[in-house]
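Read through the structure below, which is laid out as structure tokens, and then see the notes.
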Amino acid sequence: MSGSKGGAVHWLVRIAERAGHGRDDRPDIPASSDASEAWTHVARAYEFTDAELAAMVAEYFRLKVADMSVADPNAALLVPETMARKHRVFPIAEDDRYFVVATCDPTNVEAERALGFSTGRTLLFEVASPGAIQDAIDERYSPERAVETLLGGIDVSEDAVKLVEEMGPESITEDDVTATPVVKLTNLIIRDAINAGASDIHIEPGRRLGAVRYRVDGVLRKHMDLPMAALNRIISRIKVLAKLDIADRLRPQDGKARVQVKNRGFDLRVSTIPAGGAEKCVIRILDSGSSLSLDDLEIPGNELERLRDLMTNRDGIVVVTGPTGSGKTTTLYGALRELADGRVNIMTVEDPIEYELPGITQTQVHTKQGMTFASALRAMLRQDPDVILVGEIRDKETAVTAAQAAMTGHLVLTTVHANDAVSSVARLADMGLQYSTISQVLRGAIAQRLLRRVCTTCAEPVRGQLTPDEQRLTERHGCEPVVRAVGCTECGFTGYRGRLPTNEVLVGGPRFQKAVEQRKGWATLFRVAQQGGMRSLHEVGLEWVTQGKTTLVEVERVLGQGLEDGAGEIHTGPPRILLVDDDEEARLLMRSLLERDGYEVEEAEDGHKALDMVKESQDFQLIVLDLAMPGLDGRQVLDQIRGSVDTAALPVLIRTGTGSDVLEAELLEAGADDYVEKSVDAARFMARVHAVLRRAM
């Protein structure tokens with residue numbers, strides 16, 4: 001490692017010599033050597049401790065020596081672990097203007113640029129040895145500390161979510177499951193989901209990071225990302241609460257727990273399934289204290305009156321149809337509460353029992369023990385019931401048993417999977433019932449969907465000219481929108497908050513019974529039902545539109561096929577942005593900024609992949625496009641986007657290495673909505689993104 005005094009040498013060697021430690025056999029460390037490697041050689045050659053060399057470097061560059069022990073955990077939230085390791089920096093502190101990191105190389109201009117852009121702050125260096133920085137990164141970004149950092153500044157205690165003892169005592173022995181940060185973060189996830197009005201929590205594994213998503217108003221939205229090691233501990237904690245086997249990750253498991261949040265009781269239905277070497281966990285949240293009556297459900301007046309008429313029957317079958325999550329059980333429970341006046345015997349067979357109803361006997365299906373819907377229903381007929389709720393008719397045996405119960409003086413309420421009320425006839429026939437039997441026992445059918453209610457905080461009245469989409473929808477539906485969904489922090493940038501039922505209530509009568517018995521087709525049955533006073537799901541949905549409670553876009557999402565046939569799904573979450581750049585670090589920086597502001601982000605490393613993604617999913621609200629890429633460059637991608645009818649209106653923001661008035665004019669003329677230089681800081685980059693999206697709305 002000896003060499004001459006001539007030629008370019010590393011700056012660390014010059015610092016050692018400047019401090020009076022010159023030697024004849026100067027270490028031969030090229031000026032281009034990595035600072036971490038050079039640090040090791042210099043410390044060994046001159047017999048410096050890491051602390052001594054750090055002090056010399058700090059003095060030379062007039063910087064402070066870093067004190068890792070006082071590092072603010074919240075600073076690590078601004079720098080991804082991959083970036084910290086790549087640039088060998090450790091976050092120390094941050095405020096509105098400055099971001100302080102420890103480094104062993106104050107000459108690292110690339111780190112200064114990348115971190116300054118990522119954080120949107122002026123970067124300040126302090127000096128520490130490579131070993132100290134590595135140890136600090138390992139400690140700060142470990143799974144346990146990552147959870148602690150996520151919890152920093154969040155007001156959540158270990159007893160924010162309490163396990164209700166009726167479900168059995170909580171027994172936890174595994175250290176990684178009972179560690180305080182894991183308990184706190186699990187409580188935070190459950191508490192935030194309940195506060196957000198979520199019906200389900202999805203905890204999903206990924207390659208490096210997992211995701212926690214909430215289903216709010218029927219639509220999934222991302223809540224947070226978690227390191228996989230932390231996510232696995234969270235799932236283990238939830239499995240403990242649900243009395244599942246935390247050691248078994250190779251089989252699906254189902255369990256339940258009962259918790260209290262702010263003195264309100266909630267039932268949790270937990271389901272886990274193996275997923276790529278890890279597990280996915282879904283939690284259904286049920287408000288065990290909920291006691292909604294039919295009046296509380298906001299069913300439109302005409303439909304509510306017809307529904308109540310159906311419940312006055314003392315025999316026959318009343319069917320409720322709709323997809324999963326459409327509120328079928330809530331509507332049926334509301335009806336049962338009105339029927340439970342103490343003068344009738346009401347029994348249910350369910351899988352699972354979603355809510356406990358006072359004054360009603362509820363039975364849980366246990367297929368493995370032989371307790372099926374059909375066997376439970378047969379047993380109930382010996383219990384002198386007046387009203388029976390069968391959670392779902394899934395097969396011929398259950399359908400036939402339910403029909404027999406209906407023909408022997410019992411009112412049977414049940415659900416089937418059908419697209420609308422009239423289609424329930426064909427569904428019952430598919431399961432083996434004769435049309436003559438259906439005509440005798442079917443008293444009516446209720447189809448239900450849930451439309452999202454516009455957010456009252458950000459919804460704006462539709463005044464003057466309609467947007468092209470609104471005009472197209474108006475022409476299709478013959479109904480003009482009253483309000484427009486916008487999006488704000490209150491509604492998670494969806495434009496909607498809460499839901500409204502749209503119901504189709506078919507009340508059977510002699511004409512309908514005759515048409516069923518004659519095996520008339522759907523169109524005839526639908527016409528007869530309409531003549532009997534039934535309004536379609538679509539008609540009821542449009543009534544909510546005219547009242548300013550929802551939008552035509554939402555009616556299309558739930559009841560229609562989109563803005564145009566084959567146009568793809570309507571985007572209902574936060575704005576979705578596609579980043580197109582061959583520089584992986586640049587994509588990482590932009591993703592960090594955009595996701596911090598609540599945007600959904602997808603990435604493409606070249607122009608060809610970007611065009612494929614746009615073609616497959618026309619669900620992007622903005623493309624951020626690098627101009628200089630190998631192969632298909634940004635200008636060529638822009639030309640193809642603007643040359644397609646399907647994507648001609650898609651907003652595009654161009655990123656350029658250098659800027660000029662001529663280049664700006666060329667890009668805008670080619671169809672770019674805006675352009676931004678790569679050298680701008682994070683605040684100006686985000687301002688351009690906001691501006692383009694605002695103009696496109």
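Residues in the structure tokens are numbered from 1 in each chain, the chains being A, B, ... in the order shown, and ligands are numbered from 1 in the order shown.
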Enumerate, in order of chain and increasing residue number, the residues of region 3-88 of chain A with an atom no farther than 12 Å from region 595-604 of chain A, each with its shortest atom pair and distance in Å to one decimal, counting only C-alpha atoms, as CSV.
```
residue,atom,partner,partner_atom,distance
A:Leu77,CA,A:Arg596,CA,10.3
A:Leu78,CA,A:Arg596,CA,9.5
A:Val79,CA,A:Arg596,CA,11.9
```
Could the residues in this selection be saved with C-alpha atoms as a PDB file, in the first residue's frame?
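As written to disk, out39.pdb reads:
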```
ATOM      1  CA  LEU A  77     -39.150   8.651   7.743  1.00  0.00           C
ATOM      2  CA  LEU A  78     -37.865  11.024   5.050  1.00  0.00           C
ATOM      3  CA  VAL A  79     -35.105   8.728   3.756  1.00  0.00           C
TER       4      VAL A  79
END
```
Check the DSSP output for the backbone and give back, as a VMD selection string, the residues of region 33-279 of chain A in helix (DSSP H, G or I).
chain A and resid 35 to 46 50 to 61 68 to 70 73 to 78 81 to 87 109 to 119 130 to 140 143 to 151 165 to 167 175 to 178 180 to 195 228 to 241
Those same residues - C-alpha atoms - I'd like them written as an mmCIF file, in the first residue's frame.
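And here is the file that came out, result38.cif:
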```cif
data_model
loop_
_atom_site.group_PDB
_atom_site.id
_atom_site.type_symbol
_atom_site.label_atom_id
_atom_site.label_comp_id
_atom_site.auth_asym_id
_atom_site.auth_seq_id
_atom_site.Cartn_x
_atom_site.Cartn_y
_atom_site.Cartn_z
ATOM 1 C CA ALA A 35 -14.656 7.211 0.775
ATOM 2 C CA SER A 36 -15.657 4.275 2.961
ATOM 3 C CA GLU A 37 -12.845 2.086 1.635
ATOM 4 C CA ALA A 38 -10.336 4.957 1.773
ATOM 5 C CA TRP A 39 -11.355 5.693 5.372
ATOM 6 C CA THR A 40 -10.396 2.157 6.415
ATOM 7 C CA HIS A 41 -6.994 2.354 4.684
ATOM 8 C CA VAL A 42 -6.137 5.799 6.082
ATOM 9 C CA ALA A 43 -7.161 4.895 9.627
ATOM 10 C CA ARG A 44 -5.024 1.761 9.492
ATOM 11 C CA ALA A 45 -2.005 3.418 7.818
ATOM 12 C CA TYR A 46 -1.865 6.385 10.206
ATOM 13 C CA ASP A 50 -12.491 6.338 13.785
ATOM 14 C CA ALA A 51 -13.286 9.124 16.230
ATOM 15 C CA GLU A 52 -9.930 10.845 15.618
ATOM 16 C CA LEU A 53 -10.292 10.704 11.838
ATOM 17 C CA ALA A 54 -13.904 11.926 12.032
ATOM 18 C CA ALA A 55 -12.750 14.925 14.081
ATOM 19 C CA MET A 56 -10.039 15.765 11.493
ATOM 20 C CA VAL A 57 -12.502 15.538 8.583
ATOM 21 C CA ALA A 58 -15.037 17.668 10.454
ATOM 22 C CA GLU A 59 -12.410 20.314 11.239
ATOM 23 C CA TYR A 60 -11.161 20.382 7.646
ATOM 24 C CA PHE A 61 -14.640 20.911 6.169
ATOM 25 C CA MET A 68 -25.811 9.391 16.605
ATOM 26 C CA SER A 69 -27.318 9.066 20.064
ATOM 27 C CA VAL A 70 -29.423 12.214 19.642
ATOM 28 C CA PRO A 73 -36.358 8.896 14.738
ATOM 29 C CA ASN A 74 -38.775 10.953 12.634
ATOM 30 C CA ALA A 75 -35.918 12.029 10.352
ATOM 31 C CA ALA A 76 -35.609 8.437 9.125
ATOM 32 C CA LEU A 77 -39.150 8.651 7.743
ATOM 33 C CA LEU A 78 -37.865 11.024 5.050
ATOM 34 C CA GLU A 81 -33.414 2.544 3.834
ATOM 35 C CA THR A 82 -32.155 1.774 0.310
ATOM 36 C CA MET A 83 -31.180 5.414 -0.198
ATOM 37 C CA ALA A 84 -29.479 5.656 3.189
ATOM 38 C CA ARG A 85 -27.381 2.581 2.439
ATOM 39 C CA LYS A 86 -26.583 3.635 -1.123
ATOM 40 C CA HIS A 87 -25.204 7.030 -0.092
ATOM 41 C CA VAL A 109 -22.398 15.861 -4.368
ATOM 42 C CA GLU A 110 -24.671 13.088 -5.638
ATOM 43 C CA ALA A 111 -25.929 12.355 -2.128
ATOM 44 C CA GLU A 112 -26.466 16.047 -1.492
ATOM 45 C CA ARG A 113 -28.538 16.396 -4.663
ATOM 46 C CA ALA A 114 -30.588 13.238 -4.174
ATOM 47 C CA LEU A 115 -31.395 13.834 -0.513
ATOM 48 C CA GLY A 116 -32.111 17.507 -1.058
ATOM 49 C CA PHE A 117 -34.597 16.660 -3.796
ATOM 50 C CA SER A 118 -36.193 13.827 -1.826
ATOM 51 C CA THR A 119 -36.694 15.806 1.377
ATOM 52 C CA PRO A 130 -18.470 4.505 7.881
ATOM 53 C CA GLY A 131 -18.738 1.866 10.597
ATOM 54 C CA ALA A 132 -20.720 4.129 12.898
ATOM 55 C CA ILE A 133 -23.066 5.053 10.052
ATOM 56 C CA GLN A 134 -23.558 1.396 9.090
ATOM 57 C CA ASP A 135 -24.343 0.415 12.687
ATOM 58 C CA ALA A 136 -26.785 3.299 13.047
ATOM 59 C CA ILE A 137 -28.588 2.362 9.813
ATOM 60 C CA ASP A 138 -28.842 -1.282 10.884
ATOM 61 C CA GLU A 139 -30.312 -0.198 14.202
ATOM 62 C CA ARG A 140 -32.696 2.499 12.965
ATOM 63 C CA PRO A 143 -38.017 -4.164 11.812
ATOM 64 C CA GLU A 144 -38.545 -3.367 15.473
ATOM 65 C CA ARG A 145 -37.192 0.180 15.200
ATOM 66 C CA ALA A 146 -39.032 0.686 11.901
ATOM 67 C CA VAL A 147 -42.283 0.055 13.750
ATOM 68 C CA GLU A 148 -41.226 2.419 16.543
ATOM 69 C CA THR A 149 -40.386 5.099 13.971
ATOM 70 C CA LEU A 150 -43.759 4.702 12.279
ATOM 71 C CA LEU A 151 -45.381 5.202 15.661
ATOM 72 C CA GLU A 165 -62.562 -11.225 27.669
ATOM 73 C CA GLU A 166 -65.735 -13.088 26.669
ATOM 74 C CA MET A 167 -63.845 -14.353 23.642
ATOM 75 C CA ASP A 175 -41.453 -11.977 22.261
ATOM 76 C CA ASP A 176 -41.781 -10.738 18.682
ATOM 77 C CA VAL A 177 -45.568 -10.767 18.921
ATOM 78 C CA THR A 178 -45.869 -9.075 22.308
ATOM 79 C CA THR A 180 -44.701 -3.073 22.646
ATOM 80 C CA PRO A 181 -44.153 -1.516 19.180
ATOM 81 C CA VAL A 182 -45.942 -4.450 17.521
ATOM 82 C CA VAL A 183 -48.880 -4.205 19.911
ATOM 83 C CA LYS A 184 -49.090 -0.456 19.394
ATOM 84 C CA LEU A 185 -48.939 -0.639 15.617
ATOM 85 C CA THR A 186 -51.561 -3.396 15.502
ATOM 86 C CA ASN A 187 -53.805 -1.240 17.664
ATOM 87 C CA LEU A 188 -53.115 1.737 15.420
ATOM 88 C CA ILE A 189 -54.127 -0.195 12.293
ATOM 89 C CA ILE A 190 -57.371 -1.420 13.859
ATOM 90 C CA ARG A 191 -58.199 1.933 15.447
ATOM 91 C CA ASP A 192 -57.569 3.930 12.281
ATOM 92 C CA ALA A 193 -59.667 1.494 10.245
ATOM 93 C CA ILE A 194 -62.596 1.881 12.614
ATOM 94 C CA ASN A 195 -62.234 5.667 12.691
ATOM 95 C CA MET A 228 -42.001 -7.234 5.528
ATOM 96 C CA ALA A 229 -40.405 -8.244 8.823
ATOM 97 C CA ALA A 230 -42.693 -5.821 10.653
ATOM 98 C CA LEU A 231 -45.743 -6.881 8.641
ATOM 99 C CA ASN A 232 -45.182 -10.544 9.528
ATOM 100 C CA ARG A 233 -45.134 -9.640 13.216
ATOM 101 C CA ILE A 234 -48.342 -7.649 12.848
ATOM 102 C CA ILE A 235 -50.079 -10.640 11.239
ATOM 103 C CA SER A 236 -48.779 -12.898 14.020
ATOM 104 C CA ARG A 237 -50.192 -10.483 16.591
ATOM 105 C CA ILE A 238 -53.591 -10.519 14.865
ATOM 106 C CA LYS A 239 -53.530 -14.329 14.726
ATOM 107 C CA VAL A 240 -52.930 -14.401 18.465
ATOM 108 C CA LEU A 241 -55.949 -12.142 19.024
#
```
Extract, using only C-alpha atoms, all DNA, RNA and protein residues at most 10 Å from Gln621 (chain A), discarding same-chain residues fewer than 5 positions from it, and format them as an NGL selection string.
:A and (571 or 574-578 or 600 or 649-652 or 692-693 or 696-697)
Can you tell me, as number ranges by chain, what residues are no more than 9 Å from Phe512 (chain A) when counting only C-alpha atoms, ignoring any on the same chain fewer than 6 positions away?
A: 439, 525, 528-529, 532
Need the shell around Leu537 (chain A): protein/DNA/RNA residues with any atom at most 9 Å away, counting only C-alpha atoms. Skip same-chain ones fewer than 2 positions apart. Format as a PyMOL selection string?
chain A and resi 420+447-449+502-505+535+539-542+559
Write to file, as a PDB file, in the first residue's frame, the residues of the selection just made, with N, CA and C atoms.
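Everything below was put into part_32.pdb:
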```pdb
ATOM      1  N   ASP A 420     -80.304  -8.900 -10.192  1.00  0.00           N
ATOM      2  CA  ASP A 420     -81.409  -7.998  -9.881  1.00  0.00           C
ATOM      3  C   ASP A 420     -82.526  -8.808  -9.253  1.00  0.00           C
ATOM      4  N   ALA A 447     -83.448  -6.381  -4.579  1.00  0.00           N
ATOM      5  CA  ALA A 447     -82.068  -6.239  -5.053  1.00  0.00           C
ATOM      6  C   ALA A 447     -81.487  -4.972  -4.450  1.00  0.00           C
ATOM      7  N   GLN A 448     -80.238  -5.017  -4.067  1.00  0.00           N
ATOM      8  CA  GLN A 448     -79.639  -3.858  -3.394  1.00  0.00           C
ATOM      9  C   GLN A 448     -78.205  -3.633  -3.846  1.00  0.00           C
ATOM     10  N   ARG A 449     -77.866  -2.359  -4.007  1.00  0.00           N
ATOM     11  CA  ARG A 449     -76.493  -1.923  -4.234  1.00  0.00           C
ATOM     12  C   ARG A 449     -76.249  -0.719  -3.334  1.00  0.00           C
ATOM     13  N   THR A 502     -79.426   1.785  -2.993  1.00  0.00           N
ATOM     14  CA  THR A 502     -80.378   1.855  -4.099  1.00  0.00           C
ATOM     15  C   THR A 502     -81.035   0.486  -4.175  1.00  0.00           C
ATOM     16  N   ASN A 503     -82.351   0.462  -4.042  1.00  0.00           N
ATOM     17  CA  ASN A 503     -83.088  -0.790  -3.877  1.00  0.00           C
ATOM     18  C   ASN A 503     -84.101  -0.995  -4.995  1.00  0.00           C
ATOM     19  N   GLU A 504     -84.239  -2.228  -5.373  1.00  0.00           N
ATOM     20  CA  GLU A 504     -85.247  -2.656  -6.344  1.00  0.00           C
ATOM     21  C   GLU A 504     -86.140  -3.645  -5.598  1.00  0.00           C
ATOM     22  N   VAL A 505     -87.380  -3.275  -5.324  1.00  0.00           N
ATOM     23  CA  VAL A 505     -88.252  -4.100  -4.481  1.00  0.00           C
ATOM     24  C   VAL A 505     -89.385  -4.677  -5.325  1.00  0.00           C
ATOM     25  N   ARG A 535     -89.607  -0.089  -9.068  1.00  0.00           N
ATOM     26  CA  ARG A 535     -88.648   0.781  -9.753  1.00  0.00           C
ATOM     27  C   ARG A 535     -87.319   0.050  -9.839  1.00  0.00           C
ATOM     28  N   GLU A 539     -83.301   3.462 -11.782  1.00  0.00           N
ATOM     29  CA  GLU A 539     -84.218   4.577 -11.522  1.00  0.00           C
ATOM     30  C   GLU A 539     -83.998   5.157 -10.127  1.00  0.00           C
ATOM     31  N   VAL A 540     -83.825   4.283  -9.157  1.00  0.00           N
ATOM     32  CA  VAL A 540     -83.609   4.760  -7.787  1.00  0.00           C
ATOM     33  C   VAL A 540     -82.259   5.460  -7.682  1.00  0.00           C
ATOM     34  N   GLY A 541     -81.249   4.924  -8.371  1.00  0.00           N
ATOM     35  CA  GLY A 541     -79.943   5.573  -8.366  1.00  0.00           C
ATOM     36  C   GLY A 541     -79.998   6.970  -8.944  1.00  0.00           C
ATOM     37  N   LEU A 542     -80.741   7.156 -10.039  1.00  0.00           N
ATOM     38  CA  LEU A 542     -80.860   8.483 -10.650  1.00  0.00           C
ATOM     39  C   LEU A 542     -81.612   9.450  -9.737  1.00  0.00           C
ATOM     40  N   LEU A 559     -73.708   0.485 -11.262  1.00  0.00           N
ATOM     41  CA  LEU A 559     -74.820  -0.125 -11.989  1.00  0.00           C
ATOM     42  C   LEU A 559     -74.591  -0.277 -13.483  1.00  0.00           C
TER      43      LEU A 559
END
```
My list of candidates is A:Asp296, A:Lys280, A:Lys678, A:Arg642. Which is closest to Ala586 (chain A) when distances are computed with only C-alpha atoms?
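Looking only at the distances to Ala586 (chain A), the closest residue turns out to be A:Lys678.
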Write out as a VMD selection string which residues come within 6 Å of region 393-404 of chain A when counting only C-alpha atoms, dropping same-chain ones fewer than 3 positions away.
chain A and resid 374 407 416 431 to 432
Can you check which residues of region 361-600 of chain A DSSP gives as strand (DSSP E) on the backbone and send them as a PyMOL selection string?
chain A and resi 361-364+387-390+411-416+442-454+460-461+483-484+496-507+576-580+600
Restricting the output to N, CA and C atoms, write the selected residues as a tab-separated table (two decimals), in the first residue's frame.
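result-v9.tsv, freshly written:
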```tsv
chain	number	residue	atom	x	y	z
A	361	THR	N	-83.05	-16.15	18.23
A	361	THR	CA	-82.16	-17.31	18.35
A	361	THR	C	-81.32	-17.42	17.08
A	362	GLN	N	-80.00	-17.36	17.24
A	362	GLN	CA	-79.11	-17.39	16.09
A	362	GLN	C	-78.21	-18.62	16.16
A	363	THR	N	-78.11	-19.33	15.04
A	363	THR	CA	-77.33	-20.57	14.96
A	363	THR	C	-76.23	-20.42	13.92
A	364	GLN	N	-75.04	-20.84	14.30
A	364	GLN	CA	-73.88	-20.76	13.41
A	364	GLN	C	-73.72	-22.07	12.63
A	387	VAL	N	-90.65	-16.89	11.98
A	387	VAL	CA	-89.79	-16.30	10.95
A	387	VAL	C	-88.42	-16.97	11.02
A	388	ILE	N	-87.90	-17.35	9.85
A	388	ILE	CA	-86.58	-17.98	9.78
A	388	ILE	C	-85.72	-17.19	8.79
A	389	LEU	N	-84.53	-16.83	9.24
A	389	LEU	CA	-83.55	-16.22	8.34
A	389	LEU	C	-82.52	-17.28	7.97
A	390	VAL	N	-82.41	-17.57	6.69
A	390	VAL	CA	-81.37	-18.47	6.18
A	390	VAL	C	-80.32	-17.59	5.51
A	411	LEU	N	-92.40	-17.78	7.46
A	411	LEU	CA	-91.82	-16.75	6.60
A	411	LEU	C	-90.31	-16.95	6.58
A	412	VAL	N	-89.77	-17.20	5.40
A	412	VAL	CA	-88.34	-17.46	5.25
A	412	VAL	C	-87.69	-16.26	4.55
A	413	LEU	N	-86.72	-15.67	5.21
A	413	LEU	CA	-85.92	-14.59	4.62
A	413	LEU	C	-84.56	-15.17	4.26
A	414	THR	N	-84.06	-14.84	3.08
A	414	THR	CA	-82.79	-15.42	2.67
A	414	THR	C	-82.12	-14.55	1.62
A	415	THR	N	-80.91	-14.94	1.23
A	415	THR	CA	-80.17	-14.22	0.17
A	415	THR	C	-79.76	-15.22	-0.90
A	416	VAL	N	-79.69	-14.73	-2.13
A	416	VAL	CA	-79.12	-15.49	-3.24
A	416	VAL	C	-78.26	-14.54	-4.05
A	442	LEU	N	-92.63	-17.67	-3.58
A	442	LEU	CA	-91.89	-16.41	-3.65
A	442	LEU	C	-92.82	-15.23	-3.44
A	443	ARG	N	-92.69	-14.57	-2.31
A	443	ARG	CA	-93.52	-13.40	-2.00
A	443	ARG	C	-92.93	-12.12	-2.59
A	444	GLY	N	-91.63	-12.10	-2.75
A	444	GLY	CA	-91.00	-10.92	-3.31
A	444	GLY	C	-89.50	-11.04	-3.27
A	445	ALA	N	-88.84	-10.07	-3.88
A	445	ALA	CA	-87.37	-10.05	-3.93
A	445	ALA	C	-86.89	-8.61	-3.85
A	446	ILE	N	-85.75	-8.44	-3.20
A	446	ILE	CA	-85.16	-7.11	-3.03
A	446	ILE	C	-83.73	-7.17	-3.56
A	447	ALA	N	-83.45	-6.38	-4.58
A	447	ALA	CA	-82.07	-6.24	-5.05
A	447	ALA	C	-81.49	-4.97	-4.45
A	448	GLN	N	-80.24	-5.02	-4.07
A	448	GLN	CA	-79.64	-3.86	-3.39
A	448	GLN	C	-78.21	-3.63	-3.85
A	449	ARG	N	-77.87	-2.36	-4.01
A	449	ARG	CA	-76.49	-1.92	-4.23
A	449	ARG	C	-76.25	-0.72	-3.33
A	450	LEU	N	-74.99	-0.39	-3.14
A	450	LEU	CA	-74.63	0.77	-2.35
A	450	LEU	C	-73.88	1.77	-3.23
A	451	LEU	N	-74.39	2.99	-3.29
A	451	LEU	CA	-73.76	4.08	-4.02
A	451	LEU	C	-73.01	4.97	-3.04
A	452	ARG	N	-71.83	5.39	-3.41
A	452	ARG	CA	-71.09	6.29	-2.52
A	452	ARG	C	-71.72	7.68	-2.54
A	453	ARG	N	-71.83	8.24	-1.36
A	453	ARG	CA	-72.37	9.59	-1.19
A	453	ARG	C	-71.26	10.61	-1.43
A	454	VAL	N	-71.57	11.69	-2.14
A	454	VAL	CA	-70.54	12.71	-2.38
A	454	VAL	C	-70.12	13.32	-1.05
A	460	GLU	N	-68.72	20.09	-5.26
A	460	GLU	CA	-69.04	21.41	-5.81
A	460	GLU	C	-70.26	21.31	-6.73
A	461	PRO	N	-71.13	22.31	-6.71
A	461	PRO	CA	-72.31	22.29	-7.58
A	461	PRO	C	-71.89	22.33	-9.05
A	483	VAL	N	-74.25	17.75	-8.56
A	483	VAL	CA	-72.97	18.03	-7.89
A	483	VAL	C	-71.86	17.25	-8.58
A	484	ARG	N	-70.65	17.68	-8.30
A	484	ARG	CA	-69.46	17.05	-8.88
A	484	ARG	C	-68.54	16.62	-7.74
A	496	TYR	N	-65.89	11.13	-2.25
A	496	TYR	CA	-67.08	10.49	-1.69
A	496	TYR	C	-66.84	10.14	-0.22
A	497	ARG	N	-67.92	10.16	0.53
A	497	ARG	CA	-67.82	9.80	1.95
A	497	ARG	C	-69.17	9.28	2.43
A	498	GLY	N	-69.22	8.01	2.80
A	498	GLY	CA	-70.48	7.38	3.19
A	498	GLY	C	-71.16	6.75	1.98
A	499	ARG	N	-72.24	5.98	2.26
A	499	ARG	CA	-72.93	5.30	1.16
A	499	ARG	C	-74.44	5.39	1.31
A	500	LEU	N	-75.10	5.20	0.18
A	500	LEU	CA	-76.55	5.25	0.10
A	500	LEU	C	-77.05	3.97	-0.56
A	501	PRO	N	-78.18	3.42	-0.09
A	501	PRO	CA	-78.70	2.22	-0.75
A	501	PRO	C	-79.54	2.58	-1.97
A	502	THR	N	-79.43	1.79	-2.99
A	502	THR	CA	-80.38	1.86	-4.10
A	502	THR	C	-81.04	0.49	-4.17
A	503	ASN	N	-82.35	0.46	-4.04
A	503	ASN	CA	-83.09	-0.79	-3.88
A	503	ASN	C	-84.10	-0.99	-5.00
A	504	GLU	N	-84.24	-2.23	-5.37
A	504	GLU	CA	-85.25	-2.66	-6.34
A	504	GLU	C	-86.14	-3.64	-5.60
A	505	VAL	N	-87.38	-3.27	-5.32
A	505	VAL	CA	-88.25	-4.10	-4.48
A	505	VAL	C	-89.39	-4.68	-5.32
A	506	LEU	N	-89.32	-5.96	-5.56
A	506	LEU	CA	-90.34	-6.68	-6.32
A	506	LEU	C	-91.34	-7.28	-5.34
A	507	VAL	N	-92.58	-6.91	-5.48
A	507	VAL	CA	-93.66	-7.48	-4.66
A	507	VAL	C	-94.49	-8.39	-5.55
A	576	ARG	N	-53.96	8.55	-9.75
A	576	ARG	CA	-52.99	7.50	-10.05
A	576	ARG	C	-52.00	8.03	-11.08
A	577	ILE	N	-50.71	7.95	-10.77
A	577	ILE	CA	-49.67	8.57	-11.59
A	577	ILE	C	-48.69	7.50	-12.07
A	578	LEU	N	-48.32	7.57	-13.35
A	578	LEU	CA	-47.33	6.66	-13.92
A	578	LEU	C	-46.01	7.40	-14.09
A	579	LEU	N	-44.95	6.90	-13.44
A	579	LEU	CA	-43.61	7.47	-13.56
A	579	LEU	C	-42.84	6.69	-14.62
A	580	VAL	N	-42.33	7.40	-15.62
A	580	VAL	CA	-41.58	6.76	-16.70
A	580	VAL	C	-40.17	7.36	-16.72
A	600	GLU	N	-51.44	7.47	-5.76
A	600	GLU	CA	-51.06	6.11	-6.11
A	600	GLU	C	-50.05	6.18	-7.25
```
Determine the nearest neighbour of Arg427 (chain A) from the options A:Ala459, A:Glu350, A:Glu470, A:Thr321, counting only C-alpha atoms.
A:Thr321
Pick from A:Thr456, A:Val676, A:Val65, A:Glu543, whichever lies nearest to Ile299 (chain A) using only C-alpha atoms:
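Residue with the minimum atom-to-atom distance to Ile299 (chain A): A:Glu543.
The two atoms in question, CA of Glu303 (chain A) and CA of Thr330 (chain A), are spaced 15.7 Å apart.
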Could you tell me how far CA of Glu47 (chain A) lies from CA of Ala31 (chain A), in Å and to one decimal?
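Between these atoms lies a distance of 20.4 Å.
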Could you check which of A:Asp612, A:Gly607, A:Phe99, A:Thr272 is closest to Thr122 (chain A), using only C-alpha atoms?
A:Phe99
For Met534 (chain A), which of A:Met686, A:Val422, A:Leu552, A:Leu594 is the closest residue, counting only C-alpha atoms?
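Checking each of A:Met686, A:Val422, A:Leu552, A:Leu594 against Met534 (chain A), counting only C-alpha atoms, the winner is A:Val422.
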Enter the distance from CA of His223 (chain A) to CA of Gly325 (chain A), in Å, rounded to one decimal.
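So the two atoms, CA of His223 (chain A) and CA of Gly325 (chain A), lie 20.1 Å apart.
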